[in-house]
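Source file: start.cif. Holds: mmCIF, C-alpha atoms.
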data_data
#
loop_
_atom_site.label_atom_id
_atom_site.label_comp_id
_atom_site.auth_asym_id
_atom_site.auth_seq_id
_atom_site.Cartn_x
_atom_site.Cartn_y
_atom_site.Cartn_z
CA MET A 1 97.77 -30.47 -63.19
CA ASN A 2 99.99 -29.52 -60.25
CA LYS A 3 98.72 -32.52 -58.28
CA ILE A 4 99.86 -35.13 -60.79
CA SER A 5 102.23 -37.63 -59.17
CA VAL A 6 101.32 -40.82 -61.10
CA ILE A 7 101.38 -41.67 -64.80
CA LEU A 8 99.30 -44.66 -65.89
CA PHE A 9 100.46 -46.19 -69.19
CA ASP A 10 98.71 -48.49 -71.60
CA MET A 11 101.02 -51.02 -73.27
CA TYR A 12 99.65 -51.61 -76.79
CA GLY A 13 99.50 -48.45 -78.85
CA VAL A 14 101.51 -46.49 -76.31
CA ILE A 15 104.66 -48.27 -75.14
CA LEU A 16 104.35 -50.67 -78.05
CA GLU A 17 103.64 -49.16 -81.45
CA GLU A 18 101.05 -51.76 -82.45
CA SER A 19 97.76 -50.45 -81.11
CA LYS A 20 95.84 -53.69 -81.58
CA GLY A 21 98.79 -56.04 -81.49
CA ASN A 22 99.45 -58.30 -84.45
CA PHE A 23 98.37 -61.63 -83.04
CA ILE A 24 95.27 -62.19 -85.19
CA PRO A 25 97.06 -61.69 -88.54
CA TYR A 26 100.06 -63.58 -87.10
CA THR A 27 97.81 -66.56 -86.40
CA PHE A 28 96.00 -66.55 -89.73
CA CYS A 29 99.36 -66.45 -91.52
CA HIS A 30 100.67 -69.35 -89.44
CA PHE A 31 97.89 -71.81 -90.24
CA ASN A 32 96.67 -73.01 -93.62
CA ALA A 33 93.70 -71.25 -95.19
CA SER A 34 91.66 -74.41 -94.56
CA GLU A 35 91.88 -73.62 -90.83
CA SER A 36 90.38 -70.13 -91.16
CA GLU A 37 86.81 -71.10 -90.31
CA ARG A 38 87.97 -72.90 -87.16
CA LEU A 39 90.13 -69.98 -86.07
CA ILE A 40 87.33 -67.48 -86.64
CA ARG A 41 85.02 -69.58 -84.49
CA GLN A 42 87.58 -69.92 -81.71
CA LEU A 43 88.57 -66.27 -81.69
CA LYS A 44 85.20 -64.62 -82.31
CA GLU A 45 82.51 -67.00 -81.10
CA GLU A 46 84.39 -68.81 -78.34
CA GLN A 47 86.38 -65.64 -77.54
CA LEU A 48 89.51 -67.52 -76.60
CA PHE A 49 91.70 -64.42 -76.91
CA THR A 50 89.41 -62.46 -74.59
CA LYS A 51 89.39 -65.33 -72.11
CA ALA A 52 93.19 -65.43 -72.11
CA GLY A 53 93.31 -61.65 -71.64
CA ASN A 54 90.91 -61.95 -68.72
CA GLY A 55 92.97 -64.63 -67.02
CA GLU A 56 90.36 -67.34 -67.53
CA ILE A 57 92.88 -69.53 -69.39
CA THR A 58 96.67 -69.42 -69.46
CA SER A 59 98.78 -68.47 -72.44
CA ASN A 60 99.80 -72.09 -72.94
CA GLU A 61 96.18 -73.24 -72.85
CA PHE A 62 95.11 -70.50 -75.26
CA LEU A 63 97.83 -71.18 -77.80
CA SER A 64 97.40 -74.94 -77.55
CA LEU A 65 93.66 -74.65 -78.17
CA LEU A 66 94.42 -72.64 -81.30
CA GLY A 67 96.63 -75.48 -82.50
CA TYR A 68 100.15 -74.21 -81.83
CA GLU A 69 102.40 -77.18 -81.04
CA ASP A 70 104.93 -75.18 -79.00
CA PRO A 71 103.10 -72.43 -77.07
CA GLN A 72 106.22 -71.09 -75.39
CA PHE A 73 108.06 -70.69 -78.68
CA THR A 74 105.00 -69.05 -80.24
CA MET A 75 104.72 -66.51 -77.44
CA ARG A 76 108.40 -65.61 -77.70
CA ASP A 77 108.35 -65.45 -81.50
CA TYR A 78 105.27 -63.23 -81.57
CA ILE A 79 106.55 -60.80 -78.95
CA GLU A 80 110.15 -60.62 -80.16
CA ASN A 81 109.48 -60.45 -83.89
CA HIS A 82 106.02 -58.98 -84.37
CA LEU A 83 105.74 -56.22 -81.76
CA THR A 84 107.72 -52.97 -81.69
CA LEU A 85 108.82 -50.93 -78.69
CA ASP A 86 108.25 -47.21 -79.26
CA ASN A 87 111.75 -45.83 -79.71
CA GLY A 88 110.95 -42.82 -77.55
CA PHE A 89 109.74 -44.64 -74.46
CA ILE A 90 113.07 -45.60 -72.86
CA ASP A 91 114.50 -42.09 -73.09
CA PHE A 92 111.25 -40.69 -71.68
CA ALA A 93 111.17 -43.26 -68.89
CA GLU A 94 114.77 -42.66 -67.89
CA ARG A 95 114.03 -38.96 -67.59
CA TYR A 96 110.76 -39.12 -65.66
CA TYR A 97 110.27 -42.40 -63.79
CA LYS A 98 111.94 -41.04 -60.66
CA LYS A 99 109.85 -37.88 -60.78
CA TYR A 100 106.51 -39.67 -61.16
CA ASP A 101 105.22 -43.08 -60.15
CA PHE A 102 104.88 -45.07 -63.38
CA VAL A 103 102.03 -47.60 -63.43
CA LEU A 104 101.31 -50.06 -66.21
CA LEU A 105 97.56 -50.41 -66.86
CA SER A 106 97.16 -52.92 -69.67
CA ASN A 107 94.69 -55.36 -71.18
CA ASP A 108 96.86 -58.38 -71.86
CA VAL A 109 97.50 -62.06 -71.31
CA SER A 110 99.42 -62.32 -68.03
CA GLU A 111 102.33 -64.30 -69.39
CA TRP A 112 102.64 -62.06 -72.46
CA SER A 113 102.78 -58.89 -70.40
CA SER A 114 105.41 -60.40 -68.13
CA TYR A 115 107.52 -61.54 -71.07
CA ILE A 116 107.25 -58.17 -72.85
CA ARG A 117 108.46 -56.38 -69.72
CA GLU A 118 111.31 -58.85 -69.25
CA TYR A 119 112.33 -58.79 -72.92
CA TYR A 120 112.50 -54.99 -73.07
CA GLN A 121 113.69 -54.61 -69.44
CA LEU A 122 110.75 -52.40 -68.51
CA ASP A 123 109.94 -53.57 -65.00
CA LYS A 124 112.38 -51.18 -63.35
CA TYR A 125 110.30 -48.25 -64.54
CA PHE A 126 106.97 -49.37 -63.11
CA ARG A 127 106.08 -49.04 -59.47
CA TYR A 128 102.94 -51.08 -60.08
CA LYS A 129 101.68 -53.34 -62.89
CA ILE A 130 97.93 -53.77 -63.33
CA VAL A 131 97.30 -56.31 -66.09
CA SER A 132 93.85 -57.62 -67.02
CA GLY A 133 95.01 -61.23 -67.07
CA ASP A 134 96.23 -60.86 -63.48
CA VAL A 135 93.28 -58.96 -62.02
CA LYS A 136 90.48 -60.67 -64.04
CA CYS A 137 88.94 -57.44 -65.32
CA ARG A 138 89.78 -55.10 -68.16
CA LYS A 139 89.54 -51.56 -69.46
CA PRO A 140 87.16 -49.83 -69.88
CA GLU A 141 85.40 -51.58 -66.97
CA LYS A 142 85.14 -49.28 -63.98
CA LYS A 143 86.38 -52.03 -61.70
CA ILE A 144 89.92 -52.03 -63.09
CA TYR A 145 90.32 -48.29 -62.46
CA GLU A 146 88.95 -48.65 -58.92
CA LEU A 147 91.34 -51.54 -58.30
CA THR A 148 94.25 -49.51 -59.66
CA LEU A 149 93.53 -46.52 -57.43
CA GLU A 150 93.17 -48.79 -54.43
CA LYS A 151 96.46 -50.53 -55.25
CA ILE A 152 98.50 -47.37 -55.72
CA LYS A 153 96.77 -45.52 -52.87
CA LYS A 154 96.30 -42.33 -54.87
CA SER A 155 93.32 -40.14 -55.66
CA PRO A 156 92.10 -39.86 -59.27
CA ALA A 157 93.21 -36.22 -59.39
CA GLU A 158 96.81 -37.31 -58.83
CA CYS A 159 96.80 -39.58 -61.89
CA LEU A 160 97.52 -39.00 -65.55
CA PHE A 161 96.43 -41.78 -67.93
CA ILE A 162 98.02 -42.35 -71.36
CA ASP A 163 96.05 -44.67 -73.66
CA ASN A 164 95.34 -44.99 -77.37
CA ASN A 165 91.68 -45.96 -76.87
CA VAL A 166 89.06 -43.24 -76.42
CA LYS A 167 86.64 -45.54 -74.56
CA ASN A 168 89.32 -46.39 -72.02
CA LEU A 169 90.14 -42.70 -71.56
CA ASP A 170 86.49 -41.69 -71.22
CA ALA A 171 85.97 -44.30 -68.49
CA ALA A 172 89.02 -43.03 -66.61
CA GLY A 173 87.97 -39.42 -67.08
CA GLU A 174 84.57 -40.13 -65.56
CA MET A 175 86.39 -41.15 -62.38
CA GLY A 176 88.43 -37.96 -62.26
CA ILE A 177 91.65 -39.31 -63.77
CA GLN A 178 93.28 -36.91 -66.27
CA PRO A 179 93.22 -38.65 -69.69
CA ILE A 180 95.58 -38.13 -72.63
CA LEU A 181 95.15 -39.83 -76.00
CA PHE A 182 98.29 -41.26 -77.60
CA ASN A 183 96.87 -40.98 -81.07
CA ARG A 184 98.34 -43.92 -82.99
CA ASP A 185 95.10 -44.46 -84.89
CA LYS A 186 94.19 -40.85 -85.70
CA GLU A 187 90.98 -40.96 -83.67
CA LYS A 188 88.80 -37.94 -83.02
CA TYR A 189 89.07 -36.81 -79.42
CA ALA A 190 88.00 -33.64 -77.66
CA GLY A 191 90.63 -33.88 -74.94
CA THR A 192 94.41 -33.66 -74.85
CA ILE A 193 96.20 -35.50 -77.67
CA ILE A 194 99.86 -36.46 -78.08
CA ASN A 195 101.58 -38.29 -80.92
CA ALA A 196 104.95 -39.05 -79.34
CA PHE A 197 106.65 -39.33 -75.95
CA SER A 198 108.53 -36.13 -76.75
CA GLU A 199 105.18 -34.32 -76.74
CA LEU A 200 104.27 -35.86 -73.39
CA ALA A 201 107.62 -34.64 -72.03
CA GLU A 202 106.84 -31.13 -73.23
CA LEU A 203 103.47 -31.23 -71.46
CA LEU A 204 104.97 -32.43 -68.20
CA ASP A 205 107.70 -29.79 -68.34
CA SER A 206 105.22 -27.01 -69.08
CA TRP A 207 103.05 -28.04 -66.14
CA SER A 208 106.10 -28.24 -63.89
CA ASN A 209 107.31 -24.80 -64.95
CA SER A 210 103.88 -23.29 -64.29
CA ARG A 211 103.86 -24.34 -60.63
#

Could you spell out this file's structure in structure tokens?
Amino acid sequence: MNKISVILFDMYGVILEESKGNFIPYTFCHFNASESERLIRQLKEEQLFTKAGNGEITSNEFLSLLGYEDPQFTMRDYIENHLTLDNGFIDFAERYYKKYDFVLLSNDVSEWSSYIREYYQLDKYFRYKIVSGDVKCRKPEKKIYELTLEKIKKSPAECLFIDNNVKNLDAAGEMGIQPILFNRDKEKYAGTIINAFSELAELLDSWSNSR
């Protein structure tokens, strides 16, 4: 643990409280019930959301294909009114972002990630931002971890990874990155688990004091 100099953060389920986001229920509530079959086909069979998250289509294209008349308004409304910043993140970040390199490692639509960071004024905390929509690959694919390590020029042993998804953590752990589960969804996990940023702070302080 003494080698840790970088903390990789997931966005959804870590920095934001909603582990899966709320966009699917948001969309089904927006359109009439008669549109449900079409939406299911577009989201599940055509995988439009996945394509947007992989950078294959833009946010505007994605939302327009779903039938939203004002994609920019929809993006802002969804992010501002249907997602929640964890109330412990800012205090944690202010305390530790100068002690460790903070890196965002998130599966997200490029434009959404950018707007979230702007809306909550998060960019100042992150030395690097690795977003699936920007790099055209996603967790838990090995490629995105390799790309991240190459970008930040650090070894896996220097990195701590905070995510709410066990598969993402297992993939990182296989590469030698130290994984920690932020357990929003009460998943079973054999490794280190935290439930709040205050607990992560306690871990970091205990490791620092043991040096």

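Take the candidates A:Glu56, A:Asp163, A:Glu146, A:Glu80 and check each one against Gln178 (chain A) using all atoms listed in the file; the shortest distance goes to A:Asp163.
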
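For the atom pair formed by CA of Met175 (chain A) and CA of Ile15 (chain A), the distance is 23.4 Å, given to one decimal.
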
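Residue nearest Glu18 (chain A), chosen from A:Ser5, A:Asn32, A:Thr148, A:Asn183 and counting all atoms listed in the file: A:Asn183.
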
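You can rank A:Leu39, A:Leu200, A:Ala172, A:Ile4 by their closest distance to Tyr68 (chain A) using all atoms listed in the file, and at the top of that list sits A:Leu39.
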
In Å, with one decimal, what is the gap from CA of Ser132 (chain A) to CA of Val109 (chain A)? 7.2 Å

re CA of Ser36 (chain A) and CA of Ser106 (chain A): distance 28.4 Å
